[in-house]
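K.L.:
My structure file structure16.cif, mmCIF, C-alpha atoms, is below:
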data_query
#
loop_
_atom_site.label_atom_id
_atom_site.label_comp_id
_atom_site.auth_asym_id
_atom_site.auth_seq_id
_atom_site.Cartn_x
_atom_site.Cartn_y
_atom_site.Cartn_z
CA MET A 1 81.89 81.68 181.96
CA SER A 2 79.96 80.67 185.05
CA ASP A 3 79.06 83.03 187.88
CA ASN A 4 80.84 80.92 190.52
CA PRO A 5 84.65 80.93 190.05
CA TYR A 6 85.03 77.91 192.40
CA LYS A 7 82.75 75.63 190.42
CA ALA A 8 84.52 73.02 188.35
CA PRO A 9 83.99 73.33 184.63
CA GLU A 10 81.46 70.94 183.17
CA SER A 11 82.78 68.06 181.16
CA ASN A 12 81.24 65.49 178.89
CA LEU A 13 83.65 62.73 180.04
CA SER A 14 81.02 61.15 182.24
CA SER A 15 78.94 60.30 179.20
CA GLN A 16 81.80 58.44 177.50
CA ALA A 17 82.49 54.80 178.28
CA ILE A 18 86.07 54.50 179.45
CA GLU A 19 87.55 51.02 179.85
CA VAL A 20 90.38 51.03 182.36
CA ARG A 21 91.96 47.82 183.55
CA GLY A 22 93.66 48.11 186.91
CA THR A 23 96.69 46.27 188.13
CA PHE A 24 94.73 43.90 190.34
CA ASP A 25 91.80 43.29 187.97
CA SER A 26 91.03 39.72 186.96
CA LEU A 27 93.50 38.10 189.36
CA PHE A 28 91.45 34.91 189.49
CA ASP A 29 90.62 34.78 185.78
CA LEU A 30 93.33 32.41 184.60
CA GLY A 31 92.54 32.89 180.91
CA TYR A 32 93.05 36.66 181.02
CA LYS A 33 96.00 38.13 179.07
CA ARG A 34 97.94 40.31 181.49
CA SER A 35 100.34 43.17 180.97
CA VAL A 36 103.74 43.10 182.64
CA ARG A 37 102.45 45.21 185.54
CA GLN A 38 99.46 42.91 186.01
CA ALA A 39 101.72 39.83 185.84
CA ILE A 40 103.88 41.27 188.64
CA ALA A 41 100.76 41.90 190.73
CA PHE A 42 99.65 38.32 189.94
CA TYR A 43 103.03 37.03 191.14
CA PHE A 44 102.95 38.88 194.45
CA THR A 45 99.32 38.04 195.15
CA TYR A 46 99.74 34.34 194.50
CA PHE A 47 103.09 34.29 196.33
CA ILE A 48 101.41 35.60 199.47
CA ALA A 49 98.55 33.13 198.97
CA PHE A 50 100.95 30.17 198.58
CA LEU A 51 102.97 31.37 201.56
CA CYS A 52 99.82 31.38 203.69
CA LEU A 53 98.81 28.00 202.26
CA GLY A 54 102.22 26.52 203.10
CA PHE A 55 102.04 27.81 206.66
CA LEU A 56 98.49 26.52 207.05
CA VAL A 57 99.23 23.05 205.65
CA GLY A 58 102.40 22.79 207.75
CA PHE A 59 100.56 23.90 210.90
CA ILE A 60 97.71 21.45 210.31
CA SER A 61 100.13 18.59 209.71
CA ALA A 62 102.01 19.47 212.90
CA SER A 63 98.92 19.79 215.06
CA VAL A 64 97.01 16.79 213.68
CA PHE A 65 99.82 14.32 213.10
CA GLY A 66 102.34 15.63 215.62
CA VAL A 67 105.22 15.79 213.17
CA ASP A 68 108.51 17.57 213.81
CA GLN A 69 109.52 20.92 212.31
CA LEU A 70 111.49 19.44 209.41
CA THR A 71 108.52 17.39 208.26
CA GLU A 72 106.34 20.47 208.66
CA LEU A 73 108.71 22.41 206.37
CA ILE A 74 108.75 19.61 203.80
CA VAL A 75 104.94 19.43 203.75
CA GLY A 76 104.76 23.19 203.14
CA ALA A 77 107.32 22.97 200.33
CA VAL A 78 105.50 20.08 198.67
CA SER A 79 102.26 22.07 198.78
CA ALA A 80 104.06 24.93 196.96
CA VAL A 81 105.32 22.53 194.27
CA ILE A 82 101.86 21.05 193.74
CA GLY A 83 100.20 24.46 193.83
CA CYS A 84 102.56 26.18 191.37
CA THR A 85 102.53 23.28 188.91
CA GLY A 86 98.76 22.93 189.16
CA LEU A 87 98.33 26.66 188.59
CA ALA A 88 100.57 26.52 185.50
CA ILE A 89 98.56 23.61 184.09
CA ALA A 90 95.28 25.38 184.84
CA ILE A 91 96.44 28.53 183.04
CA CYS A 92 97.54 26.53 179.99
CA ILE A 93 94.21 24.69 179.87
CA LYS A 94 92.21 27.90 180.33
CA LYS A 95 94.15 29.60 177.51
CA SER A 96 93.88 26.49 175.28
CA ILE A 97 97.66 26.30 174.83
CA PHE A 98 98.33 23.15 176.82
CA MET A 99 99.40 20.96 173.90
CA SER A 100 102.03 23.35 172.54
CA ALA A 101 105.69 22.59 173.16
CA LYS A 102 106.27 26.03 174.66
CA SER A 103 103.59 25.63 177.33
CA ILE A 104 104.72 22.09 178.22
CA ALA A 105 108.27 23.45 178.62
CA PHE A 106 107.00 26.20 180.91
CA VAL A 107 105.01 23.73 183.01
CA PHE A 108 108.15 21.60 183.37
CA LEU A 109 110.18 24.73 184.19
CA THR A 110 107.60 25.63 186.83
CA LEU A 111 107.93 22.16 188.35
CA VAL A 112 111.73 22.35 188.50
CA ALA A 113 111.78 25.95 189.76
CA SER A 114 109.25 25.24 192.48
CA ILE A 115 111.23 22.19 193.61
CA LEU A 116 114.35 24.34 193.89
CA LEU A 117 112.95 27.43 195.65
CA GLY A 118 109.26 26.80 196.20
CA ALA A 119 106.72 29.44 195.28
CA LEU A 120 109.38 32.17 195.25
CA LEU A 121 110.84 30.91 191.96
CA GLY A 122 108.02 28.62 190.85
CA LEU A 123 105.61 31.50 190.24
CA VAL A 124 107.94 33.30 187.80
CA PRO A 125 107.15 31.06 184.79
CA VAL A 126 103.51 30.95 185.89
CA SER A 127 103.38 34.75 185.79
CA TYR A 128 104.91 34.69 182.31
CA LEU A 129 102.25 32.22 181.16
CA THR A 130 99.58 34.76 182.15
CA THR A 131 101.01 37.24 179.63
CA LEU A 132 100.49 34.89 176.67
CA ASP A 133 97.54 35.22 174.31
CA LYS A 134 94.56 32.95 174.54
CA LYS A 135 94.39 30.51 171.63
CA ILE A 136 91.01 30.46 169.98
#
Translate this structure into structure tokens?

P.N.:
Amino acid sequence: MSDNPYKAPESNLSSQAIEVRGTFDSLFDLGYKRSVRQAIAFYFTYFIAFLCLGFLVGFISASVFGVDQLTELIVGAVSAVIGCTGLAIAICIKKSIFMSAKSIAFVFLTLVASILLGALLGLVPVSYLTTLDKKI
């Protein structure tokens, strides 16, 4: 026992290599296999990013081209459709699963979902694609 009762006991944990993957680790690595918690974090992060992108593209189109608010909304929605579908395709290519029927169905589902509700629904199948294994 040590002389100082307030001193923390010594541990050998600092010498061991501990691999801990956080919730927000590898958000931009599209080939990474995520857990459910990481897929939810991926969804919210990319949803906020696409929301900002939609606002930015709509604002630029309104200020440069002088379009009305409806056209501004449509431009933002189209950017969400292109972004979600492009992200789904990029994940499938990065994981080498693009030619499987399952991944093609999920890319099509992403396209339809993002047309219906934009990035809010379009990122759900994209987040599921991030949980799939990488094909070697």

K.L.:
So what does the PyMOL selection byres ((chain A and resi 91) around 9) actually pick up in this one, as a ChimeraX atom specification?

P.N.:
/A:29-31,86-90,92-98,126,129-130

K.L.:
If the PyMOL selection byres ((chain A and resi 111) around 8) were run on this exact file, what residues would it hold? Put them as a list of chain:residue names.

P.N.:
A:Val81, A:Cys84, A:Thr85, A:Val107, A:Phe108, A:Leu109, A:Thr110, A:Val112, A:Ala113, A:Ser114, A:Ile115, A:Gly122

K.L.:
Could you jot down the atom CA of A:Gln38 to atom CA of A:Leu120 separation for me, Å, one decimal place?

P.N.:
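Rounded to one decimal, the two atoms are 17.3 Å apart.
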
K.L.:
Taking (100.7, 23.1, 199.7) as a centre in this file's frame and 9 Å as the limit, can you find every polymer residue with an atom that close, using all atoms listed in the file, and give them as a PyMOL selection string?

P.N.:
chain A and resi 50-51+53-58+75-83

K.L.:
Enter the distance from atom CA of A:Thr45 to atom CA of A:Ser127, in Å, rounded to one decimal.

P.N.:
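The value is 10.7 Å.
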
K.L.:
Report, in Å with one decimal, the straight-line distance from atom CA of A:Leu132 to atom CA of A:Lys33.

P.N.:
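Interatomic distance here is 6.0 Å.
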
K.L.:
Which of these, A:Leu73, A:Gly22, A:Phe65, A:Cys52, has the shortest distance to A:Ala39 once you count all atoms listed in the file?

P.N.:
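Of the candidates, the smallest distance to A:Ala39 is held by A:Gly22.
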
K.L.:
For A:Phe42, which residue out of A:Tyr128, A:Val64, A:Asp133, A:Leu116 is the nearest one, using all atoms listed in the file?

P.N.:
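Distance minimum relative to A:Phe42 lands on A:Tyr128.
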
K.L.:
Which of these, A:Phe59, A:Tyr32, A:Tyr46, A:Phe106, has the shortest distance to A:Ile74 once you count only C-alpha atoms?

P.N.:
A:Phe59

K.L.:
Under the rule that all atoms listed in the file are counted, which of A:Pro125, A:Lys7, A:Ser61, A:Ile48 is the nearest residue to A:Ala105?

P.N.:
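For A:Ala105, the nearest of the candidates is A:Pro125.
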
K.L.:
For A:Lys134, which residue out of A:Arg34, A:Ala62, A:Phe44, A:Asp25 is the nearest one, using all atoms listed in the file?

P.N.:
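Looking only at the distances to A:Lys134, the closest residue turns out to be A:Arg34.
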